[in-house]
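**Q** The file below is structure_1.cif, mmCIF, C-alpha atoms:
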```cif
data_run
loop_
_atom_site.label_atom_id
_atom_site.label_comp_id
_atom_site.auth_asym_id
_atom_site.auth_seq_id
_atom_site.Cartn_x
_atom_site.Cartn_y
_atom_site.Cartn_z
CA MET W 1 28.93 -173.14 -88.52
CA SER W 2 27.50 -170.22 -86.65
CA ASP W 3 23.95 -171.53 -86.48
CA THR W 4 24.82 -175.10 -85.59
CA LEU W 5 23.11 -174.99 -82.20
CA GLU W 6 19.89 -173.62 -83.70
CA LYS W 7 19.89 -176.24 -86.46
CA LEU W 8 20.61 -178.98 -83.94
CA ALA W 9 17.80 -177.69 -81.70
CA ALA W 10 15.43 -177.94 -84.68
CA VAL W 11 16.47 -181.57 -85.24
CA ILE W 12 15.92 -182.29 -81.53
CA GLU W 13 12.57 -180.51 -81.54
CA ALA W 14 11.41 -182.62 -84.49
CA ARG W 15 12.12 -185.78 -82.50
CA LYS W 16 9.96 -184.72 -79.58
CA ASP W 17 6.83 -186.47 -80.67
CA ALA W 18 8.48 -189.20 -82.67
CA ASP W 19 8.14 -192.88 -81.86
CA PRO W 20 10.46 -193.51 -78.85
CA GLY W 21 12.03 -196.38 -80.73
CA SER W 22 12.73 -194.25 -83.79
CA SER W 23 15.75 -192.36 -82.46
CA TYR W 24 18.01 -191.89 -79.46
CA VAL W 25 16.56 -188.43 -78.81
CA ALA W 26 12.94 -189.58 -79.11
CA GLY W 27 13.79 -192.31 -76.62
CA LEU W 28 15.28 -189.79 -74.18
CA PHE W 29 12.19 -187.54 -74.39
CA ASP W 30 10.02 -190.57 -73.78
CA LYS W 31 11.96 -191.58 -70.66
CA GLY W 32 11.64 -188.04 -69.34
CA MET W 33 13.63 -185.29 -67.66
CA GLU W 34 15.32 -187.48 -65.02
CA SER W 35 16.84 -189.68 -67.72
CA ILE W 36 17.96 -186.64 -69.68
CA LEU W 37 19.57 -185.16 -66.56
CA LYS W 38 21.39 -188.42 -65.78
CA LYS W 39 22.96 -188.06 -69.21
CA VAL W 40 23.88 -184.40 -68.53
CA GLY W 41 25.56 -185.56 -65.30
CA GLU W 42 27.37 -188.42 -67.04
CA GLU W 43 28.63 -186.24 -69.86
CA SER W 44 29.77 -183.59 -67.41
CA THR W 45 31.84 -186.19 -65.54
CA GLU W 46 33.27 -187.52 -68.82
CA THR W 47 34.11 -183.99 -69.98
CA ILE W 48 35.96 -183.29 -66.73
CA MET W 49 37.89 -186.56 -67.00
CA ALA W 50 38.75 -185.85 -70.65
CA ALA W 51 40.01 -182.37 -69.70
CA LEU W 52 42.46 -184.01 -67.29
CA GLY W 53 43.67 -186.36 -70.04
CA PRO W 54 45.90 -185.60 -73.00
CA ASP W 55 43.52 -186.22 -75.91
CA ASP W 56 42.05 -183.05 -77.49
CA ALA W 57 39.73 -185.02 -79.76
CA GLN W 58 38.33 -186.84 -76.74
CA LEU W 59 37.71 -183.53 -74.95
CA VAL W 60 35.92 -182.12 -78.01
CA HIS W 61 33.86 -185.31 -78.26
CA GLU W 62 32.78 -185.22 -74.61
CA THR W 63 32.04 -181.48 -74.68
CA ALA W 64 29.87 -182.04 -77.77
CA ASP W 65 28.01 -184.77 -75.86
CA LEU W 66 27.52 -182.42 -72.92
CA TRP W 67 26.25 -179.51 -75.02
CA PHE W 68 24.02 -181.87 -76.99
CA HIS W 69 22.35 -183.26 -73.88
CA THR W 70 21.85 -179.76 -72.45
CA LEU W 71 20.04 -178.91 -75.70
CA VAL W 72 17.80 -181.95 -75.20
CA MET W 73 17.22 -180.81 -71.60
CA LEU W 74 16.28 -177.30 -72.76
CA ALA W 75 13.94 -178.73 -75.42
CA ALA W 76 12.23 -180.90 -72.80
CA ARG W 77 11.40 -177.62 -71.04
CA GLY W 78 10.28 -175.90 -74.23
CA LEU W 79 13.46 -173.81 -74.34
CA GLY W 80 16.10 -173.42 -77.05
CA PRO W 81 19.74 -172.40 -77.29
CA ASP W 82 18.68 -168.85 -78.26
CA ALA W 83 17.64 -168.16 -74.65
CA VAL W 84 21.05 -169.28 -73.36
CA LEU W 85 22.94 -167.42 -76.09
CA ALA W 86 20.92 -164.28 -75.34
CA GLU W 87 21.84 -164.62 -71.67
CA LEU W 88 25.54 -164.99 -72.59
CA GLU W 89 25.25 -162.08 -75.04
CA ARG W 90 23.66 -159.94 -72.35
CA ARG W 91 26.45 -160.78 -69.92
CA PHE W 92 29.49 -160.28 -72.08
CA GLY W 93 27.97 -157.41 -74.02
CA MET W 94 28.50 -155.69 -70.72
CA SER W 95 27.00 -157.03 -67.64
CA GLY W 96 28.31 -160.16 -65.95
CA ILE W 97 31.79 -160.73 -67.18
CA GLU W 98 32.88 -157.28 -68.28
CA GLU W 99 31.17 -155.77 -65.31
CA LYS W 100 32.93 -158.11 -62.91
CA ALA W 101 36.22 -157.20 -64.52
CA ALA W 102 35.30 -153.54 -64.32
CA ARG W 103 34.35 -153.81 -60.68
CA LYS W 104 37.62 -155.53 -59.87
CA LYS W 105 39.73 -152.83 -61.46
CA MET C 1 23.04 -164.13 -82.06
CA SER C 2 24.47 -166.90 -84.17
CA ASP C 3 28.10 -166.14 -83.46
CA THR C 4 27.76 -165.55 -79.74
CA LEU C 5 29.95 -168.49 -78.77
CA GLU C 6 32.74 -167.39 -81.11
CA LYS C 7 32.58 -163.81 -79.83
CA LEU C 8 32.54 -165.02 -76.25
CA ALA C 9 35.50 -167.29 -76.96
CA ALA C 10 37.40 -164.26 -78.28
CA VAL C 11 36.66 -162.35 -75.07
CA ILE C 12 37.84 -165.34 -73.02
CA GLU C 13 40.97 -165.73 -75.15
CA ALA C 14 41.86 -162.08 -74.62
CA ARG C 15 41.78 -162.64 -70.84
CA LYS C 16 44.26 -165.50 -70.99
CA ASP C 17 47.35 -163.46 -70.35
CA ALA C 18 45.68 -160.67 -68.41
CA ASP C 19 46.52 -159.85 -64.81
CA PRO C 20 44.78 -162.55 -62.68
CA GLY C 21 43.23 -159.80 -60.59
CA SER C 22 41.84 -158.00 -63.63
CA SER C 23 38.89 -160.29 -64.33
CA TYR C 24 37.09 -163.43 -63.20
CA VAL C 25 38.27 -165.31 -66.31
CA ALA C 26 41.89 -164.19 -65.95
CA GLY C 27 41.72 -165.39 -62.34
CA LEU C 28 40.38 -168.79 -63.43
CA PHE C 29 43.16 -169.23 -66.01
CA ASP C 30 45.70 -168.30 -63.38
CA LYS C 31 44.38 -170.88 -60.92
CA GLY C 32 44.56 -173.53 -63.63
CA MET C 33 42.59 -176.39 -65.14
CA GLU C 34 41.55 -178.03 -61.84
CA SER C 35 39.85 -174.82 -60.68
CA ILE C 36 38.14 -174.44 -64.05
CA LEU C 37 36.89 -178.03 -63.90
CA LYS C 38 35.55 -177.57 -60.36
CA LYS C 39 33.44 -174.76 -61.81
CA VAL C 40 32.29 -177.01 -64.69
CA GLY C 41 31.25 -179.61 -62.10
CA GLU C 42 29.48 -177.04 -59.92
CA GLU C 43 27.59 -175.51 -62.82
CA SER C 44 26.59 -178.95 -64.06
CA THR C 45 25.10 -179.76 -60.64
CA GLU C 46 23.33 -176.41 -60.53
CA THR C 47 21.96 -176.91 -64.05
CA ILE C 48 20.57 -180.32 -63.10
CA MET C 49 18.97 -178.91 -59.95
CA ALA C 50 17.48 -176.00 -61.92
CA ALA C 51 16.04 -178.42 -64.48
CA LEU C 52 14.17 -180.16 -61.66
CA GLY C 53 12.79 -176.83 -60.45
CA PRO C 54 10.05 -174.69 -61.95
CA ASP C 55 11.99 -171.56 -62.95
CA ASP C 56 12.88 -171.31 -66.65
CA ALA C 57 15.02 -168.20 -66.15
CA GLN C 58 17.05 -170.04 -63.51
CA LEU C 59 17.59 -172.97 -65.89
CA VAL C 60 18.73 -170.62 -68.66
CA HIS C 61 21.04 -168.86 -66.20
CA GLU C 62 22.67 -172.08 -64.99
CA THR C 63 23.00 -173.50 -68.51
CA ALA C 64 24.70 -170.24 -69.58
CA ASP C 65 27.12 -170.64 -66.64
CA LEU C 66 27.81 -174.24 -67.67
CA TRP C 67 28.43 -173.42 -71.34
CA PHE C 68 30.56 -170.45 -70.33
CA HIS C 69 32.84 -172.50 -68.10
CA THR C 70 33.19 -175.20 -70.77
CA LEU C 71 34.38 -172.43 -73.11
CA VAL C 72 36.96 -171.40 -70.51
CA MET C 73 37.99 -175.06 -70.20
CA LEU C 74 38.36 -175.38 -73.98
CA ALA C 75 40.39 -172.15 -74.11
CA ALA C 76 42.69 -173.44 -71.37
CA ARG C 77 43.46 -176.30 -73.77
CA GLY C 78 43.89 -174.04 -76.78
CA LEU C 79 40.54 -175.11 -78.21
CA GLY C 80 37.49 -173.11 -79.23
CA PRO C 81 33.77 -173.67 -79.69
CA ASP C 82 34.29 -174.16 -83.43
CA ALA C 83 35.80 -177.61 -82.78
CA VAL C 84 32.78 -178.66 -80.71
CA LEU C 85 30.30 -177.16 -83.19
CA ALA C 86 32.09 -178.95 -86.06
CA GLU C 87 31.78 -182.21 -84.14
CA LEU C 88 28.05 -181.60 -83.60
CA GLU C 89 27.65 -180.57 -87.25
CA ARG C 90 29.40 -183.74 -88.35
CA ARG C 91 27.12 -185.85 -86.19
CA PHE C 92 23.75 -184.43 -87.03
CA GLY C 93 24.68 -183.76 -90.64
CA MET C 94 24.48 -187.52 -90.77
CA SER C 95 26.59 -189.60 -88.55
CA GLY C 96 25.97 -189.88 -84.83
CA ILE C 97 22.42 -188.92 -84.22
CA GLU C 98 20.81 -189.57 -87.57
CA GLU C 99 22.84 -192.69 -87.96
CA LYS C 100 21.79 -194.01 -84.57
CA ALA C 101 18.19 -193.35 -85.53
CA ALA C 102 18.77 -195.05 -88.88
CA ARG C 103 20.34 -198.07 -87.26
CA LYS C 104 17.44 -198.38 -84.85
CA LYS C 105 14.83 -198.42 -87.62
CA MET Z 1 26.04 -202.70 -38.46
CA SER Z 2 29.05 -200.75 -37.32
CA ASP Z 3 31.58 -202.61 -39.44
CA THR Z 4 29.52 -202.78 -42.62
CA LEU Z 5 31.93 -200.68 -44.67
CA GLU Z 6 34.90 -202.81 -43.62
CA LYS Z 7 33.04 -206.04 -44.43
CA LEU Z 8 31.90 -204.63 -47.75
CA ALA Z 9 35.46 -203.52 -48.53
CA ALA Z 10 36.61 -207.10 -47.90
CA VAL Z 11 34.02 -208.41 -50.34
CA ILE Z 12 35.14 -205.85 -52.92
CA GLU Z 13 38.80 -206.67 -52.33
CA ALA Z 14 38.11 -210.36 -52.91
CA ARG Z 15 36.66 -209.53 -56.33
CA LYS Z 16 39.75 -207.67 -57.47
CA ASP Z 17 41.41 -210.58 -59.20
CA ALA Z 18 38.26 -212.50 -60.03
CA ASP Z 19 37.19 -213.29 -63.56
CA PRO Z 20 35.72 -210.02 -64.97
CA GLY Z 21 32.63 -211.93 -66.00
CA SER Z 22 32.14 -213.38 -62.53
CA SER Z 23 30.71 -210.31 -60.82
CA TYR Z 24 29.74 -206.66 -61.34
CA VAL Z 25 32.67 -205.52 -59.18
CA ALA Z 26 35.21 -207.75 -60.93
CA GLY Z 27 33.94 -206.29 -64.21
CA LEU Z 28 34.39 -202.73 -62.94
CA PHE Z 29 37.96 -203.43 -61.78
CA ASP Z 30 38.70 -204.95 -65.16
CA LYS Z 31 37.41 -201.90 -67.04
CA GLY Z 32 39.57 -199.67 -64.87
CA MET Z 33 39.49 -196.44 -62.89
CA GLU Z 34 37.78 -194.32 -65.56
CA SER Z 35 34.80 -196.67 -65.65
CA ILE Z 36 34.65 -196.73 -61.86
CA LEU Z 37 34.71 -192.91 -61.76
CA LYS Z 38 31.95 -192.65 -64.36
CA LYS Z 39 29.84 -194.68 -61.96
CA VAL Z 40 30.81 -192.41 -59.03
CA GLY Z 41 29.71 -189.42 -61.14
CA GLU Z 42 26.46 -191.10 -62.16
CA GLU Z 43 25.56 -192.12 -58.63
CA SER Z 44 26.37 -188.65 -57.35
CA THR Z 45 23.95 -187.13 -59.88
CA GLU Z 46 21.29 -189.70 -58.97
CA THR Z 47 21.79 -189.04 -55.25
CA ILE Z 48 21.35 -185.30 -55.80
CA MET Z 49 18.20 -185.85 -57.86
CA ALA Z 50 16.80 -188.24 -55.25
CA ALA Z 51 17.47 -185.69 -52.49
CA LEU Z 52 15.27 -183.21 -54.39
CA GLY Z 53 12.51 -185.80 -54.67
CA PRO Z 54 10.11 -187.01 -51.98
CA ASP Z 55 11.14 -190.67 -51.67
CA ASP Z 56 13.35 -191.49 -48.67
CA ALA Z 57 13.91 -195.08 -49.79
CA GLN Z 58 15.13 -193.81 -53.16
CA LEU Z 59 17.56 -191.43 -51.47
CA VAL Z 60 18.91 -194.22 -49.25
CA HIS Z 61 19.24 -196.46 -52.31
CA GLU Z 62 21.18 -193.87 -54.33
CA THR Z 63 23.41 -192.92 -51.40
CA ALA Z 64 24.22 -196.62 -50.90
CA ASP Z 65 25.15 -196.82 -54.60
CA LEU Z 66 27.36 -193.75 -54.24
CA TRP Z 67 29.16 -195.00 -51.13
CA PHE Z 68 29.55 -198.44 -52.69
CA HIS Z 69 31.20 -197.09 -55.83
CA THR Z 70 33.52 -194.87 -53.77
CA LEU Z 71 34.60 -198.04 -51.93
CA VAL Z 72 35.35 -199.68 -55.29
CA MET Z 73 37.29 -196.54 -56.28
CA LEU Z 74 39.31 -196.65 -53.05
CA ALA Z 75 40.00 -200.37 -53.52
CA ALA Z 76 41.24 -199.72 -57.07
CA ARG Z 77 43.83 -197.46 -55.44
CA GLY Z 78 44.70 -199.96 -52.73
CA LEU Z 79 42.84 -197.93 -50.11
CA GLY Z 80 40.01 -198.90 -47.76
CA PRO Z 81 37.25 -197.16 -45.82
CA ASP Z 82 39.44 -197.14 -42.67
CA ALA Z 83 41.59 -194.36 -44.18
CA VAL Z 84 38.50 -192.22 -44.86
CA LEU Z 85 36.96 -192.99 -41.46
CA ALA Z 86 40.27 -192.11 -39.75
CA GLU Z 87 40.28 -188.80 -41.61
CA LEU Z 88 36.70 -188.10 -40.49
CA GLU Z 89 37.56 -189.20 -36.94
CA ARG Z 90 40.55 -186.88 -36.92
CA ARG Z 91 38.41 -183.98 -38.08
CA PHE Z 92 35.43 -184.26 -35.80
CA GLY Z 93 37.51 -185.45 -32.88
CA MET Z 94 38.70 -181.89 -32.99
CA SER Z 95 40.20 -180.45 -36.06
CA GLY Z 96 38.17 -179.65 -39.15
CA ILE Z 97 34.60 -179.34 -38.10
CA GLU Z 98 34.91 -178.47 -34.44
CA GLU Z 99 37.81 -176.22 -35.18
CA LYS Z 100 35.89 -174.36 -37.87
CA ALA Z 101 33.04 -173.90 -35.42
CA ALA Z 102 35.51 -172.78 -32.76
CA ARG Z 103 37.14 -170.31 -35.11
CA LYS Z 104 33.76 -168.86 -36.07
CA LYS Z 105 32.75 -168.20 -32.48
CA MET Q 1 36.73 -196.70 -35.77
CA SER Q 2 33.75 -198.82 -36.63
CA ASP Q 3 31.11 -196.42 -35.39
CA THR Q 4 32.66 -193.26 -36.84
CA LEU Q 5 29.74 -192.56 -39.18
CA GLU Q 6 27.20 -192.90 -36.37
CA LYS Q 7 29.23 -190.64 -34.07
CA LEU Q 8 29.69 -188.11 -36.86
CA ALA Q 9 25.95 -188.23 -37.62
CA ALA Q 10 25.28 -187.43 -33.95
CA VAL Q 11 27.59 -184.41 -34.15
CA ILE Q 12 25.82 -183.27 -37.33
CA GLU Q 13 22.39 -183.82 -35.76
CA ALA Q 14 23.35 -181.68 -32.77
CA ARG Q 15 24.17 -178.79 -35.13
CA LYS Q 16 20.75 -178.86 -36.77
CA ASP Q 17 19.14 -176.25 -34.60
CA ALA Q 18 22.28 -174.38 -33.69
CA ASP Q 19 22.87 -170.75 -34.57
CA PRO Q 20 23.78 -170.71 -38.31
CA GLY Q 21 26.85 -168.68 -37.49
CA SER Q 22 28.02 -171.13 -34.85
CA SER Q 23 29.38 -173.83 -37.17
CA TYR Q 24 29.88 -174.78 -40.80
CA VAL Q 25 27.22 -177.51 -40.51
CA ALA Q 26 24.69 -175.24 -38.81
CA GLY Q 27 25.27 -172.77 -41.64
CA LEU Q 28 24.66 -175.47 -44.27
CA PHE Q 29 21.41 -176.56 -42.62
CA ASP Q 30 20.30 -172.96 -42.49
CA LYS Q 31 20.98 -172.42 -46.19
CA GLY Q 32 18.97 -175.53 -47.00
CA MET Q 33 19.05 -178.65 -49.13
CA GLU Q 34 20.09 -176.97 -52.39
CA SER Q 35 23.24 -175.59 -50.76
CA ILE Q 36 24.00 -178.98 -49.23
CA LEU Q 37 23.56 -180.67 -52.62
CA LYS Q 38 25.85 -178.17 -54.33
CA LYS Q 39 28.50 -179.26 -51.85
CA VAL Q 40 27.77 -182.95 -52.58
CA GLY Q 41 28.22 -182.19 -56.30
CA GLU Q 42 31.43 -180.23 -55.71
CA GLU Q 43 32.95 -182.91 -53.51
CA SER Q 44 32.01 -185.59 -56.01
CA THR Q 45 33.84 -183.70 -58.76
CA GLU Q 46 36.84 -183.17 -56.51
CA THR Q 47 36.88 -186.86 -55.54
CA ILE Q 48 36.86 -187.89 -59.20
CA MET Q 49 39.69 -185.47 -60.02
CA ALA Q 50 41.70 -186.69 -57.02
CA ALA Q 51 41.22 -190.31 -58.14
CA LEU Q 52 42.83 -189.41 -61.47
CA GLY Q 53 45.77 -187.80 -59.68
CA PRO Q 54 48.67 -189.48 -57.88
CA ASP Q 55 48.07 -188.33 -54.29
CA ASP Q 56 46.45 -190.93 -52.00
CA ALA Q 57 46.09 -188.46 -49.12
CA GLN Q 58 44.23 -186.08 -51.43
CA LEU Q 59 41.87 -188.85 -52.52
CA VAL Q 60 41.17 -189.81 -48.90
CA HIS Q 61 40.59 -186.14 -48.05
CA GLU Q 62 38.11 -185.60 -50.88
CA THR Q 63 36.28 -188.87 -50.23
CA ALA Q 64 35.94 -187.85 -46.56
CA ASP Q 65 34.47 -184.53 -47.71
CA LEU Q 66 32.04 -186.37 -49.99
CA TRP Q 67 30.88 -188.83 -47.32
CA PHE Q 68 30.61 -186.02 -44.80
CA HIS Q 69 28.35 -183.92 -47.01
CA THR Q 70 26.17 -186.95 -47.84
CA LEU Q 71 25.73 -187.38 -44.06
CA VAL Q 72 24.63 -183.74 -43.81
CA MET Q 73 22.25 -184.35 -46.73
CA LEU Q 74 20.78 -187.44 -45.03
CA ALA Q 75 20.40 -185.50 -41.75
CA ALA Q 76 18.57 -182.72 -43.57
CA ARG Q 77 16.03 -185.39 -44.55
CA GLY Q 78 15.86 -186.87 -41.06
CA LEU Q 79 17.90 -189.89 -42.13
CA GLY Q 80 21.13 -191.33 -40.78
CA PRO Q 81 23.98 -193.52 -41.99
CA ASP Q 82 22.32 -196.58 -40.40
CA ALA Q 83 19.70 -196.61 -43.18
CA VAL Q 84 22.41 -196.59 -45.87
CA LEU Q 85 24.53 -199.17 -44.05
CA ALA Q 86 21.45 -201.40 -43.63
CA GLU Q 87 20.82 -201.12 -47.37
CA LEU Q 88 24.44 -202.07 -48.12
CA GLU Q 89 24.27 -204.89 -45.55
CA ARG Q 90 21.08 -206.17 -47.18
CA ARG Q 91 22.72 -206.13 -50.59
CA PHE Q 92 26.02 -207.77 -49.88
CA GLY Q 93 24.57 -210.11 -47.27
CA MET Q 94 23.08 -211.69 -50.33
CA SER Q 95 20.98 -209.70 -52.64
CA GLY Q 96 22.38 -207.02 -54.93
CA ILE Q 97 26.02 -207.68 -55.33
CA GLU Q 98 26.27 -211.35 -54.55
CA GLU Q 99 23.10 -212.00 -56.43
CA LYS Q 100 24.34 -210.19 -59.50
CA ALA Q 101 27.50 -212.27 -59.34
CA ALA Q 102 25.40 -215.39 -58.86
CA ARG Q 103 23.17 -214.55 -61.77
CA LYS Q 104 26.16 -213.93 -64.02
CA LYS Q 105 27.72 -217.33 -63.26
#
```
Just give me the structure as structure tokens.

**A**
Amino acid sequence: MSDTLEKLAAVIEARKDADPGSSYVAGLFDKGMESILKKVGEESTETIMAALGPDDAQLVHETADLWFHTLVMLAARGLGPDAVLAELERRFGMSGIEEKAARKK
Amino acid sequence: MSDTLEKLAAVIEARKDADPGSSYVAGLFDKGMESILKKVGEESTETIMAALGPDDAQLVHETADLWFHTLVMLAARGLGPDAVLAELERRFGMSGIEEKAARKK
Amino acid sequence: MSDTLEKLAAVIEARKDADPGSSYVAGLFDKGMESILKKVGEESTETIMAALGPDDAQLVHETADLWFHTLVMLAARGLGPDAVLAELERRFGMSGIEEKAARKK
Amino acid sequence: MSDTLEKLAAVIEARKDADPGSSYVAGLFDKGMESILKKVGEESTETIMAALGPDDAQLVHETADLWFHTLVMLAARGLGPDAVLAELERRFGMSGIEEKAARKK
């Protein structure tokens, strides 16, 4: 499962120039960044509401929706999950997070 | 880089019972789910604003912050990225996304 | 125009027990608080995006949508704009805002 | 209480050119629109979380924060609450809301 985001990004990328009516993702790309960002905002709200509720499956579902739409957002900018994962890697492989902890000690 | 989320989740998990003053993540867990979700909301807003701006590095930075805080949120519920990745795998390995596309054809 | 929010709240209140199919607001009440809050989240995102764009009319439009859906949210809880206006009155008639400024001096 | 928003907008307007250190609002204006919008996003999230909780006073408090920061946002664009209230007036004095209801009947 470790390369799920990369595989998903490839699926999204392949939809970029597809007929807008051919898939949900192709339709989102066609409508443009503002429509994609409305979805990011919606899924963020739904994730937060799910996290306040009792249903783990619902929270997983909404978080998947949120991550998915951020991948579409990245793709619309010509970016992939690798850039974000590299940034996270850089931080926890000793910069941001560890460093913050270190500084606090 | 393919197991970054899992490795990051392990780092987060290890902070769960740490002294709240010992790290940013330990502090977030100590403050509780509402504080974590405020951060998810903040980072979502900042991601959306970055996506409307011109700076790719800024967008990657904000998306990393958003993903990171959703991992903290999942951990606070005893969940990990594997559940979300499995959900995404399930969808694009033929259910949600492909299916939606199929239905639309 | 000074009692617009109160008049609007009365209109909203009157829709509370209406047939869900009879109006947008009656439909929202019927679907419940989670649906109302999804709209609050959506309109907040759209307001933020409009504020980063150049179109004043668009910003006014989205802000009106946001305020409107917060009124529906308040009504779903049996609250009206008077409670929020009283809170704002209390603050700027010398507590929150002025006080903060005073403290900073 | 009917002119609270207008009075509050006047207070906000007066802070526009004040020393950034002299008040919270002057500081927000100084930091610029992105900082104001982060606050709008934060307060929106906090309003949504409060609406899922049991505490009416908390919900009123967060909604007041949200409205307040949208007033600061409008002021940063040279706009006031009157434009938003006029838009709402226009809609419920027979266009948007009533019309939607009318169309649905």

**Q** Tell me which protein, DNA and RNA residues are within 8 Å of Glu87 of chain Q, counting all atoms listed in the file, leaving out same-chain ones fewer than 2 positions away, and put them as JSON, numbers by chain.

**A** {"Z": [60, 61, 64], "Q": [83, 84, 85, 89, 90, 91]}

**Q** With chain Q as the partner and 9 Å as the cut-off, tabulate the residues of chain W that qualify, each row holding the nearest pair of atoms and their distance in Å to one decimal, using only C-alpha atoms, sorted by chain and rising number, as a tab-separated table.

**A**
```
residue	atom	partner	partner_atom	distance
W:Thr45	CA	Q:Thr45	CA	7.5
W:Ile48	CA	Q:Met49	CA	8.0
W:Met49	CA	Q:Met49	CA	7.3
W:Leu52	CA	Q:Met49	CA	7.9
```

**Q** Take the selection from the previous step and output its residues with C-alpha atoms, as a tab-separated table (two decimals), in the coordinates of the input.

**A**
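What landed in selection25.tsv:
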```tsv
chain	number	residue	atom	x	y	z
W	45	THR	CA	31.84	-186.19	-65.54
W	48	ILE	CA	35.96	-183.29	-66.73
W	49	MET	CA	37.89	-186.56	-67.00
W	52	LEU	CA	42.46	-184.01	-67.29
```

**Q** Apply the PyMOL selection byres ((chain C and resi 6) around 10) to the displayed file and report the matching residues as a PDB file with C-alpha atoms, in the coordinates of the input.

**A**
```pdb
ATOM      1  CA  SER W   2      27.500-170.220 -86.650  1.00  0.00           C
TER       2      SER W   2
ATOM      3  CA  SER C   2      24.470-166.900 -84.170  1.00  0.00           C
ATOM      4  CA  ASP C   3      28.100-166.140 -83.460  1.00  0.00           C
ATOM      5  CA  THR C   4      27.760-165.550 -79.740  1.00  0.00           C
ATOM      6  CA  LEU C   5      29.950-168.490 -78.770  1.00  0.00           C
ATOM      7  CA  LYS C   7      32.580-163.810 -79.830  1.00  0.00           C
ATOM      8  CA  LEU C   8      32.540-165.020 -76.250  1.00  0.00           C
ATOM      9  CA  ALA C   9      35.500-167.290 -76.960  1.00  0.00           C
ATOM     10  CA  ALA C  10      37.400-164.260 -78.280  1.00  0.00           C
ATOM     11  CA  VAL C  11      36.660-162.350 -75.070  1.00  0.00           C
ATOM     12  CA  ILE C  12      37.840-165.340 -73.020  1.00  0.00           C
ATOM     13  CA  LEU C  71      34.380-172.430 -73.110  1.00  0.00           C
ATOM     14  CA  GLY C  80      37.490-173.110 -79.230  1.00  0.00           C
ATOM     15  CA  PRO C  81      33.770-173.670 -79.690  1.00  0.00           C
ATOM     16  CA  ASP C  82      34.290-174.160 -83.430  1.00  0.00           C
TER      17      ASP C  82
END
```

**Q** Quick one: everything within 8 Å of segment 74-78 of chain C, counting all atoms listed in the file, minus sequence neighbours fewer than 5 positions away in the same chain. Send it as a CSV table (one decimal) with C-alpha atoms, keeping the file's coordinate frame.

**A**
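So out09.csv came out as:
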```csv
chain,number,residue,atom,x,y,z
W,56,ASP,CA,42.0,-183.0,-77.5
C,9,ALA,CA,35.5,-167.3,-77.0
C,12,ILE,CA,37.8,-165.3,-73.0
C,13,GLU,CA,41.0,-165.7,-75.2
C,29,PHE,CA,43.2,-169.2,-66.0
C,32,GLY,CA,44.6,-173.5,-63.6
C,33,MET,CA,42.6,-176.4,-65.1
```

**Q** Find the residues near Asp65 of chain C: any atom within 9 Å, counting only C-alpha atoms, skip ones fewer than 3 places away on the same chain, and give them as a ChimeraX atom specification.

**A** /W:88 /C:39-40,43-44,47,60-62,68-70

**Q** I'd like the box whose edges run along x, y and z of the file and which contains every listed atom of segment 38-42 of chain W, padded by 4 Å per side; could you state its centre and edge lengths in Å, one decimal, as JSON?

**A**
```
{"center_x": 24.4, "center_y": -186.4, "center_z": -67.3, "size_x": 14.0, "size_y": 12.0, "size_z": 11.9}
```

**Q** Can you turn the PyMOL selection byres ((chain Z and resi 19) around 12) into a concrete residue list for this file, as a list in words?

**A** Ala14, Arg15, Lys16, Asp17, Ala18, Pro20, Gly21, Ser22, Ser23, Tyr24, Val25, Ala26, Gly27, Leu28, Phe29, Asp30 and Lys31 of chain Z; Ala101, Lys104 and Lys105 of chain Q

**Q** Please report the interatomic distance between atom CA of Gly93 of chain Q and atom CA of Asp55 of chain Z in Å with one decimal.

**A**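 Atom CA of Gly93 of chain Q sits 24.0 Å away from atom CA of Asp55 of chain Z.
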
**Q** Please, what distance in Å, to one decimal, runs between atom CA of Gln58 of chain W and atom CA of Leu37 of chain C?

**A**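 Taking atom CA of Gln58 of chain W and atom CA of Leu37 of chain C, their separation equals 15.6 Å.
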
**Q** Go ahead and compute the interatomic distance for atom CA of Met73 of chain C and atom CA of Ile36 of chain Z, in Å to one decimal.

**A** 23.5 Å
